[in-house]
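> Here you go, structure_16.cif (mmCIF, C-alpha atoms and all ligand atoms):
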```cif
data_coords
#
loop_
_atom_site.label_atom_id
_atom_site.label_comp_id
_atom_site.auth_asym_id
_atom_site.auth_seq_id
_atom_site.Cartn_x
_atom_site.Cartn_y
_atom_site.Cartn_z
CA MET A 1 -113.99 -50.44 -75.93
CA LEU A 2 -116.16 -49.86 -72.86
CA LEU A 3 -115.11 -51.32 -69.51
CA ASP A 4 -117.34 -51.34 -66.42
CA GLY A 5 -115.61 -48.74 -64.22
CA ASN A 6 -117.03 -50.32 -61.06
CA LEU A 7 -114.97 -53.50 -61.51
CA PRO A 8 -111.50 -53.60 -59.88
CA GLU A 9 -110.09 -55.46 -62.91
CA SER A 10 -111.23 -52.60 -65.19
CA ILE A 11 -109.44 -50.08 -62.98
CA ALA A 12 -106.30 -52.25 -62.98
CA GLN A 13 -106.35 -52.56 -66.78
CA ALA A 14 -106.88 -48.82 -67.25
CA ALA A 15 -104.06 -48.01 -64.77
CA ARG A 16 -101.70 -50.37 -66.65
CA THR A 17 -102.62 -48.62 -69.91
CA ILE A 18 -101.92 -45.18 -68.44
CA ARG A 19 -98.66 -46.27 -66.81
CA SER A 20 -97.39 -47.74 -70.05
CA GLY A 21 -98.03 -44.50 -71.95
CA GLY A 22 -101.53 -45.14 -73.34
CA LEU A 23 -104.75 -43.14 -73.29
CA ILE A 24 -108.10 -43.96 -71.69
CA GLY A 25 -111.55 -42.38 -71.46
CA LEU A 26 -112.16 -41.47 -67.81
CA PRO A 27 -115.43 -40.54 -66.08
CA THR A 28 -115.37 -37.59 -63.69
CA GLU A 29 -118.27 -35.86 -61.92
CA THR A 30 -118.11 -32.98 -64.45
CA VAL A 31 -117.53 -34.51 -67.91
CA TYR A 32 -115.52 -37.45 -69.28
CA GLY A 33 -111.80 -36.85 -69.78
CA LEU A 34 -109.23 -38.24 -72.24
CA ALA A 35 -106.53 -39.29 -69.80
CA ALA A 36 -102.78 -39.95 -69.95
CA ASN A 37 -99.80 -39.85 -67.61
CA ALA A 38 -99.22 -36.11 -67.09
CA THR A 39 -95.44 -36.48 -66.85
CA ASP A 40 -95.07 -38.58 -70.02
CA ASP A 41 -94.70 -35.99 -72.79
CA THR A 42 -95.18 -38.58 -75.56
CA ALA A 43 -98.44 -39.83 -74.02
CA VAL A 44 -99.61 -36.24 -73.60
CA ASP A 45 -98.81 -35.51 -77.27
CA ALA A 46 -101.15 -38.38 -78.18
CA ILE A 47 -103.98 -36.56 -76.34
CA PHE A 48 -103.45 -33.45 -78.47
CA THR A 49 -103.42 -35.56 -81.63
CA ALA A 50 -106.56 -37.54 -80.70
CA LYS A 51 -108.48 -34.37 -79.88
CA GLY A 52 -107.13 -32.29 -82.76
CA ARG A 53 -106.26 -29.68 -80.15
CA PRO A 54 -103.47 -27.10 -80.61
CA SER A 55 -100.53 -28.26 -78.49
CA ASP A 56 -100.04 -24.88 -76.80
CA HIS A 57 -103.43 -25.21 -75.03
CA PRO A 58 -102.66 -26.44 -71.51
CA LEU A 59 -104.39 -29.49 -70.02
CA ILE A 60 -105.74 -29.98 -66.51
CA VAL A 61 -103.73 -32.41 -64.37
CA HIS A 62 -105.87 -34.60 -62.10
CA VAL A 63 -104.58 -35.79 -58.73
CA ALA A 64 -105.91 -38.22 -56.11
CA SER A 65 -105.66 -35.69 -53.31
CA ALA A 66 -104.12 -32.36 -52.30
CA VAL A 67 -101.07 -34.34 -51.09
CA ALA A 68 -99.85 -34.41 -54.72
CA VAL A 69 -100.01 -30.64 -55.18
CA PRO A 70 -96.47 -29.71 -53.97
CA HIS A 71 -95.08 -32.17 -56.53
CA PHE A 72 -96.49 -30.08 -59.39
CA ALA A 73 -96.98 -26.58 -57.97
CA SER A 74 -94.07 -24.46 -56.72
CA SER A 75 -96.24 -22.43 -54.32
CA VAL A 76 -99.79 -22.39 -53.06
CA PRO A 77 -101.24 -19.06 -51.89
CA PRO A 78 -103.38 -19.26 -48.72
CA PHE A 79 -106.59 -18.50 -50.62
CA ALA A 80 -105.88 -21.43 -52.98
CA GLN A 81 -105.28 -23.70 -49.98
CA ALA A 82 -108.64 -22.58 -48.56
CA LEU A 83 -110.34 -23.50 -51.85
CA MET A 84 -108.73 -26.96 -51.88
CA ASP A 85 -109.76 -27.53 -48.27
CA ALA A 86 -113.34 -26.52 -49.02
CA TYR A 87 -114.03 -28.04 -52.45
CA TRP A 88 -111.64 -30.95 -53.12
CA PRO A 89 -112.42 -33.53 -54.20
CA GLY A 90 -114.83 -31.70 -56.47
CA PRO A 91 -115.50 -29.70 -59.65
CA LEU A 92 -112.85 -27.02 -59.09
CA THR A 93 -109.57 -26.53 -61.01
CA LEU A 94 -106.85 -24.30 -59.60
CA ILE A 95 -104.16 -22.71 -61.77
CA LEU A 96 -100.94 -22.55 -59.73
CA PRO A 97 -97.29 -21.68 -60.46
CA ARG A 98 -95.57 -24.78 -61.82
CA HIS A 99 -92.25 -26.41 -60.93
CA ALA A 100 -89.93 -26.08 -63.90
CA HIS A 101 -89.49 -29.34 -65.90
CA VAL A 102 -92.67 -30.96 -64.49
CA ALA A 103 -95.44 -31.81 -66.98
CA GLN A 104 -93.92 -29.65 -69.71
CA ALA A 105 -96.12 -30.92 -72.56
CA ALA A 106 -99.29 -31.14 -70.45
CA THR A 107 -99.02 -27.47 -69.54
CA GLY A 108 -98.28 -26.34 -73.08
CA GLY A 109 -94.98 -24.97 -71.72
CA GLN A 110 -96.77 -22.33 -69.58
CA PRO A 111 -95.19 -21.44 -66.23
CA SER A 112 -98.44 -22.47 -64.51
CA ILE A 113 -100.34 -25.74 -64.09
CA GLY A 114 -104.06 -26.51 -63.73
CA LEU A 115 -104.71 -29.00 -60.93
CA ARG A 116 -107.97 -30.72 -60.04
CA CYS A 117 -108.94 -33.49 -57.65
CA PRO A 118 -112.09 -35.14 -59.06
CA ASN A 119 -114.63 -36.77 -56.74
CA HIS A 120 -116.01 -39.44 -59.09
CA PRO A 121 -115.31 -42.81 -57.44
CA VAL A 122 -114.01 -44.32 -60.71
CA ALA A 123 -111.62 -41.39 -61.27
CA GLN A 124 -110.46 -41.62 -57.67
CA ALA A 125 -109.87 -45.38 -57.98
CA LEU A 126 -107.92 -44.91 -61.22
CA LEU A 127 -105.72 -42.14 -59.77
CA VAL A 128 -104.89 -44.23 -56.70
CA ALA A 129 -104.17 -47.30 -58.87
CA CYS A 130 -101.83 -45.28 -61.12
CA ALA A 131 -99.59 -44.29 -58.21
CA ALA A 132 -96.53 -46.51 -58.00
CA PRO A 133 -97.01 -49.70 -55.97
CA GLY A 134 -95.95 -49.01 -52.40
CA ASN A 135 -96.65 -45.34 -52.86
CA THR A 136 -100.42 -45.20 -52.32
CA PRO A 137 -101.99 -43.47 -49.31
CA GLU A 138 -103.15 -46.85 -47.97
CA GLN A 139 -99.55 -47.98 -47.94
CA GLY A 140 -98.40 -44.90 -46.07
CA GLY A 141 -96.98 -43.11 -49.09
CA SER A 142 -98.28 -40.21 -51.07
CA ALA A 143 -100.04 -40.54 -54.39
CA VAL A 144 -98.07 -38.14 -56.56
CA PHE A 145 -99.26 -39.50 -59.87
CA GLY A 146 -100.89 -36.91 -62.13
CA VAL A 147 -103.28 -37.68 -64.96
CA ALA A 148 -103.65 -35.06 -67.69
CA ALA A 149 -107.20 -35.10 -68.97
CA PRO A 150 -108.96 -32.60 -71.17
CA SER A 151 -112.61 -33.25 -71.95
CA ALA A 152 -112.82 -36.33 -74.20
CA ASN A 153 -114.28 -34.58 -77.23
CA ARG A 154 -112.74 -33.43 -80.48
CA PHE A 155 -111.51 -29.83 -80.32
CA GLY A 156 -114.33 -27.25 -80.20
CA ARG A 157 -117.12 -29.83 -79.79
CA LEU A 158 -119.46 -30.64 -76.91
CA SER A 159 -117.92 -32.29 -73.88
CA PRO A 160 -119.06 -35.91 -73.38
CA THR A 161 -121.13 -36.76 -70.29
CA THR A 162 -121.51 -40.51 -70.89
CA ALA A 163 -119.10 -43.27 -71.94
CA GLN A 164 -121.14 -43.68 -75.16
CA HIS A 165 -120.52 -40.00 -76.02
CA VAL A 166 -116.76 -40.60 -75.69
CA GLN A 167 -117.04 -43.59 -77.99
CA ALA A 168 -118.94 -41.48 -80.54
CA GLU A 169 -116.28 -38.72 -80.37
CA LEU A 170 -113.08 -40.75 -80.34
CA GLY A 171 -113.92 -44.22 -81.65
CA ASN A 172 -114.05 -47.75 -80.37
CA GLN A 173 -110.29 -48.36 -80.22
CA LEU A 174 -110.02 -46.23 -77.09
CA LEU A 175 -110.34 -48.00 -73.75
CA ILE A 176 -113.15 -46.19 -71.90
CA LEU A 177 -114.05 -46.67 -68.24
CA ASP A 178 -117.84 -46.50 -68.03
CA GLY A 179 -118.85 -44.60 -64.89
CA GLY A 180 -122.41 -43.72 -65.93
CA SER A 181 -123.78 -40.24 -66.59
CA CYS A 182 -121.77 -37.38 -65.10
CA THR A 183 -123.63 -35.83 -62.16
CA VAL A 184 -122.46 -32.22 -62.71
CA GLY A 185 -122.56 -32.28 -66.53
CA ILE A 186 -120.48 -29.17 -67.30
CA GLU A 187 -116.72 -28.66 -66.91
CA SER A 188 -115.10 -27.63 -63.63
CA THR A 189 -114.89 -24.05 -62.40
CA ILE A 190 -111.36 -22.76 -63.15
CA ILE A 191 -109.74 -20.29 -60.74
CA ASP A 192 -106.39 -18.73 -61.64
CA CYS A 193 -104.45 -18.52 -58.35
CA THR A 194 -101.27 -16.98 -59.83
CA ARG A 195 -102.34 -13.33 -59.69
CA GLY A 196 -102.58 -12.63 -55.97
CA VAL A 197 -106.39 -12.82 -55.95
CA PRO A 198 -108.74 -15.45 -57.38
CA VAL A 199 -109.54 -14.91 -61.07
CA LEU A 200 -112.47 -16.81 -62.55
CA LEU A 201 -111.35 -18.23 -65.91
CA ARG A 202 -114.33 -20.56 -66.45
CA PRO A 203 -117.61 -20.59 -64.48
CA GLY A 204 -118.85 -23.96 -63.23
CA ALA A 205 -120.78 -25.68 -60.47
CA ILE A 206 -118.66 -24.00 -57.78
CA THR A 207 -119.84 -20.41 -58.14
CA ALA A 208 -117.88 -17.14 -57.92
CA GLU A 209 -119.96 -16.32 -54.82
CA GLN A 210 -118.79 -19.54 -53.14
CA VAL A 211 -115.16 -18.76 -54.03
CA ALA A 212 -115.52 -15.24 -52.60
CA ALA A 213 -117.16 -16.55 -49.41
CA THR A 214 -114.47 -19.21 -48.88
CA THR A 215 -111.47 -16.99 -49.60
CA GLY A 216 -112.73 -13.64 -48.32
CA CYS A 217 -111.42 -12.17 -51.61
CA LYS A 218 -113.19 -10.34 -54.39
CA VAL A 219 -113.18 -12.68 -57.39
CA LEU A 220 -111.93 -11.03 -60.57
CA LYS A 221 -112.67 -11.86 -64.20
CA PRO A 222 -109.88 -12.00 -66.85
CA GLN A 223 -111.14 -8.72 -68.35
CA ASP A 224 -110.48 -7.01 -64.97
CA LEU A 225 -106.72 -7.65 -65.41
CA ASP A 226 -104.42 -5.61 -67.67
CA SER A 227 -102.08 -8.40 -68.73
CA ALA A 228 -103.25 -11.07 -71.17
CA ALA A 229 -104.72 -14.15 -69.51
CA PRO A 230 -103.13 -17.49 -70.42
CA LYS A 231 -104.68 -19.34 -73.32
CA ALA A 232 -107.65 -21.42 -72.20
CA SER A 233 -109.56 -23.15 -74.95
CA GLY A 234 -112.64 -23.33 -72.72
CA THR A 235 -112.55 -19.56 -72.83
CA LEU A 236 -112.51 -19.24 -76.63
CA GLU A 237 -115.76 -17.62 -77.64
CA ALA A 238 -116.96 -20.39 -79.92
CA HIS A 239 -116.59 -23.60 -77.94
CA TYR A 240 -118.78 -26.40 -76.64
CA ALA A 241 -120.69 -26.30 -79.90
CA PRO A 242 -123.14 -28.77 -81.35
CA ALA A 243 -123.13 -29.19 -85.15
CA ALA A 244 -126.56 -27.49 -85.26
CA LYS A 245 -126.82 -23.70 -85.15
CA VAL A 246 -127.96 -22.42 -81.77
CA ARG A 247 -130.07 -19.30 -81.22
CA ILE A 248 -131.06 -17.90 -77.84
CA MET A 249 -134.53 -16.35 -77.73
CA ASP A 250 -137.02 -15.17 -75.10
CA SER A 251 -140.09 -17.37 -74.67
CA LYS A 252 -142.40 -14.96 -76.51
CA SER A 253 -140.22 -14.72 -79.65
CA LEU A 254 -139.71 -18.44 -79.52
CA GLN A 255 -143.47 -19.15 -79.54
CA THR A 256 -144.00 -16.49 -82.25
CA GLY A 257 -141.27 -18.13 -84.33
CA LEU A 258 -142.88 -21.55 -83.96
CA ASN A 259 -146.27 -20.11 -84.97
CA LEU A 260 -144.75 -18.49 -88.06
CA ILE A 261 -143.02 -21.66 -89.17
CA GLY A 262 -146.27 -23.57 -88.84
CA SER A 263 -146.55 -27.20 -89.78
CA ASP A 264 -143.72 -27.53 -92.32
CA ALA A 265 -140.81 -27.13 -89.95
CA ALA A 266 -138.38 -30.00 -89.70
CA ASN A 267 -134.81 -30.52 -88.52
CA MET A 268 -135.44 -28.13 -85.66
CA GLY A 269 -135.08 -28.45 -81.91
CA VAL A 270 -136.39 -26.34 -79.04
CA TYR A 271 -135.03 -26.38 -75.49
CA ALA A 272 -137.19 -24.23 -73.22
CA ARG A 273 -138.54 -23.92 -69.67
CA SER A 274 -141.81 -22.41 -70.90
CA VAL A 275 -144.35 -24.74 -72.47
CA MET A 276 -144.06 -24.40 -76.26
CA ARG A 277 -146.59 -25.40 -78.89
CA SER A 278 -145.84 -26.26 -82.49
CA ALA A 279 -148.10 -27.30 -85.37
CA SER A 280 -145.25 -29.45 -86.68
CA SER A 281 -144.83 -32.91 -85.23
CA LYS A 282 -141.26 -32.97 -86.56
CA ILE A 283 -139.89 -30.32 -84.21
CA ILE A 284 -138.09 -31.87 -81.25
CA ILE A 285 -139.13 -30.02 -78.12
CA ARG A 286 -137.24 -30.69 -74.88
CA ARG A 287 -138.28 -29.19 -71.58
CA MET A 288 -135.47 -27.39 -69.74
CA PRO A 289 -135.54 -27.93 -65.95
CA ASP A 290 -136.30 -24.90 -63.75
CA ASP A 291 -133.19 -25.63 -61.72
CA PRO A 292 -129.69 -24.65 -63.00
CA SER A 293 -127.91 -27.76 -61.65
CA ALA A 294 -130.43 -30.08 -63.28
CA THR A 295 -130.07 -28.13 -66.53
CA ALA A 296 -126.24 -28.34 -66.37
CA GLN A 297 -126.45 -32.09 -65.78
CA GLN A 298 -128.40 -32.72 -69.02
CA LEU A 299 -127.37 -29.77 -71.23
CA PHE A 300 -124.63 -31.38 -73.36
CA ALA A 301 -126.57 -34.66 -73.65
CA VAL A 302 -129.66 -32.78 -74.88
CA LEU A 303 -127.68 -30.81 -77.51
CA ARG A 304 -125.81 -33.94 -78.57
CA SER A 305 -129.00 -35.98 -78.97
CA MET A 306 -130.51 -33.22 -81.13
CA ASP A 307 -127.41 -33.40 -83.35
CA GLU A 308 -127.82 -37.16 -83.58
CA GLN A 309 -131.44 -36.74 -84.65
CA GLY A 310 -130.39 -34.52 -87.56
CA VAL A 311 -131.49 -31.21 -86.03
CA ARG A 312 -129.93 -28.28 -87.93
CA LEU A 313 -131.21 -25.39 -85.80
CA ILE A 314 -131.76 -25.28 -82.04
CA TRP A 315 -133.74 -22.51 -80.36
CA ILE A 316 -132.97 -22.20 -76.67
CA GLU A 317 -135.04 -20.09 -74.29
CA ASP A 318 -132.97 -17.40 -72.60
CA LEU A 319 -132.04 -18.03 -68.96
CA PRO A 320 -132.98 -16.12 -65.83
CA TYR A 321 -130.37 -13.39 -65.20
CA THR A 322 -129.34 -14.66 -61.78
CA ALA A 323 -125.84 -15.69 -60.70
CA GLU A 324 -126.85 -19.32 -60.15
CA TRP A 325 -127.39 -19.66 -63.92
CA ASP A 326 -123.96 -18.16 -64.85
CA ALA A 327 -122.23 -21.44 -65.72
CA VAL A 328 -125.09 -22.75 -67.87
CA ARG A 329 -125.46 -19.34 -69.54
CA ASP A 330 -121.72 -19.37 -70.36
CA ARG A 331 -122.00 -22.75 -72.14
CA ILE A 332 -125.17 -21.81 -74.05
CA GLU A 333 -123.73 -18.48 -75.19
CA ARG A 334 -120.58 -20.22 -76.43
CA ALA A 335 -122.69 -22.80 -78.30
CA ALA A 336 -124.61 -19.93 -79.93
CA ALA A 337 -121.40 -18.01 -80.76
CA SER A 338 -120.09 -20.68 -83.10
CA ALA A 339 -123.00 -20.40 -85.54
O1 LIG B 401 -114.19 -30.58 -65.60
C1 LIG B 401 -113.12 -30.49 -66.17
O2 LIG B 401 -112.29 -29.61 -65.92
C2 LIG B 401 -112.81 -31.52 -67.27
C3 LIG B 401 -112.67 -32.88 -66.61
C4 LIG B 401 -112.21 -33.95 -67.57
O3 LIG B 401 -111.82 -32.81 -65.50
N1 LIG B 401 -111.64 -31.17 -68.00
C5 LIG B 401 -111.63 -30.15 -68.88
O4 LIG B 401 -110.44 -30.01 -69.57
O5 LIG B 401 -112.58 -29.41 -69.09
P1 LIG B 401 -110.25 -29.13 -70.87
O6 LIG B 401 -108.85 -29.36 -71.32
O7 LIG B 401 -111.31 -29.42 -71.86
O8 LIG B 401 -110.34 -27.68 -70.36
C6 LIG B 401 -109.31 -27.25 -69.54
C7 LIG B 401 -109.25 -25.77 -69.51
C8 LIG B 401 -108.82 -25.23 -70.83
O9 LIG B 401 -109.58 -24.10 -71.14
C9 LIG B 401 -107.36 -24.91 -70.56
O10 LIG B 401 -106.84 -23.97 -71.42
C10 LIG B 401 -107.42 -24.47 -69.10
O11 LIG B 401 -108.28 -25.39 -68.54
N2 LIG B 401 -106.12 -24.59 -68.47
C11 LIG B 401 -105.44 -25.70 -68.13
N3 LIG B 401 -104.23 -25.40 -67.62
C12 LIG B 401 -104.15 -24.06 -67.61
C13 LIG B 401 -103.14 -23.13 -67.23
N4 LIG B 401 -101.96 -23.51 -66.77
N5 LIG B 401 -103.41 -21.82 -67.36
C14 LIG B 401 -104.61 -21.42 -67.86
N6 LIG B 401 -105.59 -22.24 -68.25
C15 LIG B 401 -105.36 -23.53 -68.15
MG MG B 402 -112.83 -29.16 -73.25
#
```
Just give me the structure of the file as structure tokens.

Amino acid sequence: MLLDGNLPESIAQAARTIRSGGLIGLPTETVYGLAANATDDTAVDAIFTAKGRPSDHPLIVHVASAVAVPHFASSVPPFAQALMDAYWPGPLTLILPRHAHVAQAATGGQPSIGLRCPNHPVAQALLVACAAPGNTPEQGGSAVFGVAAPSANRFGRLSPTTAQHVQAELGNQLLILDGGSCTVGIESTIIDCTRGVPVLLRPGAITAEQVAATTGCKVLKPQDLDSAAPKASGTLEAHYAPAAKVRIMDSKSLQTGLNLIGSDAANMGVYARSVMRSASSKIIIRRMPDDPSATAQQLFAVLRSMDEQGVRLIWIEDLPYTAEWDAVRDRIERAAASA
């Protein structure tokens, strides 16, 4: 069921649901989440069941502000504090050492916890409303409520960027706060802060260059470390996949391919910055924006709509090899890897 996330009564109803152990669909600026009380292990188990996600894959815990961090994290290195100061609320998740016994199920039993403070107004309102009465910032207390929320898709599938996508993934029984289309469109940047220097586990709208500039540290990748990185399903090779097969091609091969296929082609989609011509009227051609943020914002919705139109094969034009395209390239390569 969709509720208008801008209405106070919708927020109140969703907060009641969360506080009594239920699940809701929650808009954030990145993608929609499937949310539950992070410290209620039974509610968190229901997230894993609804998503079909292995229960040892840790979830991100969302907080209303950095004030809640010491409740969940046992220590915060100075570079992590600098990142919070610079980018929260915003599309950045920090992995920090966890207090024992806090959010056991949400963290998949790992000694660390992923924390994020989203800046979507509906997510902010929900997080504040979930805090115990008398304990909100307005009332002089601190909002220490945490909401565990993985992306609201079934395991391995595309993350939802509208309330309707969540409904299509998880059904109409779920209470979903409708907060419109997500403005970022791809999942948050994840920085592991438990290894002495920032380690980029998942690229996102906050770039590695920004993290380096803010912290004054070189940003490492998991492959730069000797020890095994913690399990992160967003880092499995085949993830974020549409049902259609995805192939990445340069613009010349793409046009040559379309010419070869001629007028009979059907059930095909093309997503390209270059102008493409096809003799078939049945091929769905979508123009990719020239700008990486605009592409990120629409990427999952474009792939999802091609799936819905019965497309079986999607050809995507390769991306410019510049750092600003890293996050979009990551998602497209993962979509292609699952073929
Ligand atoms: O933008 C986002 O981050 C969205 C919205 C809803 O906030 N959430 C999201 O959650 O993408 P999810 O569960 O689909 O992806 C979370 C990623 C997973 O790859 C998970 O393994 C990793 O974060 N993660 C969470 N806690 C972790 C931890 N303690 N150590 C390592 N990775 C962790
Ligand atoms: Mg996900």
> Between A:Ser75, A:Asn119, A:Ser293, A:Ser188, single out the one closest to Pro150 of chain A, counting only C-alpha atoms.
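Ranked by minimum distance to Pro150 of chain A, first place goes to A:Ser188.
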> Which residues, written as a PyMOL selection string, have at least one atom at most 12 Å from Pro203 of chain A, with all atoms listed in the file counted and residues fewer than 3 positions away on the same chain left out?
chain A and resi 91-93+186-192+199-200+206-211+219-222+234-235+296+323-331
> Go through A:Pro292, A:Gly108, A:Gly156, A:Gly25 and flag the residue nearest Ala241 of chain A, using only C-alpha atoms for the distances.
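Among the listed residues, the smallest separation from Ala241 of chain A belongs to A:Gly156.
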> If we count all atoms listed in the file and set the cut-off at 6 Å, which residues sit around Val184 of chain A, ignoring sequence neighbours fewer than 2 positions away in its own chain? Please answer as a PyMOL selection string.
chain A and resi 29-30+182+186+297
> Once you count all atoms listed in the file, what closest atom pair and distance in Å to one decimal does each residue of chain A within 9 Å of ligand MG 402 (chain B) have, with rows by chain and rising residue number, as a Markdown table?

```
| residue | atom | partner | partner_atom | distance |
| --- | --- | --- | --- | --- |
| A:Val31 | CA | B:MG402 | MG | 8.9 |
| A:Gly33 | CA | B:MG402 | MG | 8.5 |
| A:Pro150 | CA | B:MG402 | MG | 5.6 |
| A:Ser151 | CA | B:MG402 | MG | 4.3 |
| A:Ala152 | CA | B:MG402 | MG | 7.2 |
| A:Asn153 | CA | B:MG402 | MG | 6.9 |
| A:Arg154 | CA | B:MG402 | MG | 8.4 |
| A:Phe155 | CA | B:MG402 | MG | 7.2 |
| A:Gly156 | CA | B:MG402 | MG | 7.4 |
| A:Arg157 | CA | B:MG402 | MG | 7.9 |
| A:Leu158 | CA | B:MG402 | MG | 7.7 |
| A:Ser159 | CA | B:MG402 | MG | 6.0 |
| A:Glu187 | CA | B:MG402 | MG | 7.5 |
| A:Ser233 | CA | B:MG402 | MG | 7.1 |
| A:Gly234 | CA | B:MG402 | MG | 5.9 |
| A:His239 | CA | B:MG402 | MG | 8.2 |
| A:Tyr240 | CA | B:MG402 | MG | 7.4 |
```
> For the residues in that selection, give me C-alpha atoms as a tab-separated table (two decimals), keeping the file's coordinate frame.

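Written file, out.tsv:
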```
chain	number	residue	atom	x	y	z
A	31	VAL	CA	-117.53	-34.51	-67.91
A	33	GLY	CA	-111.80	-36.85	-69.78
A	150	PRO	CA	-108.96	-32.60	-71.17
A	151	SER	CA	-112.61	-33.25	-71.95
A	152	ALA	CA	-112.82	-36.33	-74.20
A	153	ASN	CA	-114.28	-34.58	-77.23
A	154	ARG	CA	-112.74	-33.43	-80.48
A	155	PHE	CA	-111.51	-29.83	-80.32
A	156	GLY	CA	-114.33	-27.25	-80.20
A	157	ARG	CA	-117.12	-29.83	-79.79
A	158	LEU	CA	-119.46	-30.64	-76.91
A	159	SER	CA	-117.92	-32.29	-73.88
A	187	GLU	CA	-116.72	-28.66	-66.91
A	233	SER	CA	-109.56	-23.15	-74.95
A	234	GLY	CA	-112.64	-23.33	-72.72
A	239	HIS	CA	-116.59	-23.60	-77.94
A	240	TYR	CA	-118.78	-26.40	-76.64
```
> Smallest atom-to-atom distance to Glu333 of chain A: which of A:Arg247, A:His57, A:Arg277, A:Arg304, using all atoms listed in the file?
A:Arg247
> Hey, which of A:Ile47, A:Leu299, A:Ala38, A:Ile60 ends up closest to ligand LIG 401 (chain B)? Count all atoms listed in the file.
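Under the stated criterion, the closest residue is A:Ile60.
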> Excluding Met288 of chain A and its own-chain neighbours fewer than 3 positions away, which residues fall within 8 Å of it when counting only C-alpha atoms? Please give them as a PyMOL selection string.
chain A and resi 271-273+295
> For the atom pair atom CA of Gln124 of chain A and atom CA of Leu34 of chain A, what is the interatomic distance in Å to one decimal place?
15.0 Å
> When you count only C-alpha atoms, which of these residues is closest to Val122 of chain A: A:Phe72, A:Tyr32, A:Phe300, A:Tyr87?
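Of A:Phe72, A:Tyr32, A:Phe300, A:Tyr87, the one nearest Val122 of chain A, counting only C-alpha atoms, is A:Tyr32.
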> As an mmCIF file, in the coordinates of the input, please: segment 265-269 of chain A completed to all heavy atoms.

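Once written, result16.cif looks like this:
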```cif
data_model
loop_
_atom_site.group_PDB
_atom_site.id
_atom_site.type_symbol
_atom_site.label_atom_id
_atom_site.label_comp_id
_atom_site.auth_asym_id
_atom_site.auth_seq_id
_atom_site.Cartn_x
_atom_site.Cartn_y
_atom_site.Cartn_z
ATOM 1 N N ALA A 265 -142.152 -27.120 -90.506
ATOM 2 C CA ALA A 265 -140.810 -27.130 -89.950
ATOM 3 C C ALA A 265 -140.300 -28.536 -89.694
ATOM 4 O O ALA A 265 -141.034 -29.409 -89.261
ATOM 5 C CB ALA A 265 -140.805 -26.351 -88.643
ATOM 6 N N ALA A 266 -139.029 -28.728 -90.009
ATOM 7 C CA ALA A 266 -138.380 -30.000 -89.700
ATOM 8 C C ALA A 266 -136.936 -29.697 -89.331
ATOM 9 O O ALA A 266 -136.484 -28.560 -89.487
ATOM 10 C CB ALA A 266 -138.438 -30.929 -90.910
ATOM 11 N N ASN A 267 -136.225 -30.690 -88.883
ATOM 12 C CA ASN A 267 -134.810 -30.520 -88.520
ATOM 13 C C ASN A 267 -134.586 -29.389 -87.529
ATOM 14 O O ASN A 267 -133.585 -28.691 -87.594
ATOM 15 C CB ASN A 267 -133.946 -30.281 -89.762
ATOM 16 C CG ASN A 267 -134.103 -31.387 -90.767
ATOM 17 O OD1 ASN A 267 -134.273 -32.551 -90.387
ATOM 18 N ND2 ASN A 267 -134.090 -31.042 -92.030
ATOM 19 N N MET A 268 -135.568 -29.201 -86.654
ATOM 20 C CA MET A 268 -135.440 -28.130 -85.660
ATOM 21 C C MET A 268 -135.621 -28.681 -84.258
ATOM 22 O O MET A 268 -136.382 -29.625 -84.048
ATOM 23 C CB MET A 268 -136.547 -27.101 -85.878
ATOM 24 C CG MET A 268 -136.119 -25.917 -86.691
ATOM 25 S SD MET A 268 -137.310 -24.591 -86.457
ATOM 26 C CE MET A 268 -136.990 -24.113 -84.775
ATOM 27 N N GLY A 269 -134.910 -28.071 -83.302
ATOM 28 C CA GLY A 269 -135.080 -28.450 -81.910
ATOM 29 C C GLY A 269 -135.351 -27.224 -81.063
ATOM 30 O O GLY A 269 -134.913 -26.119 -81.392
#
```
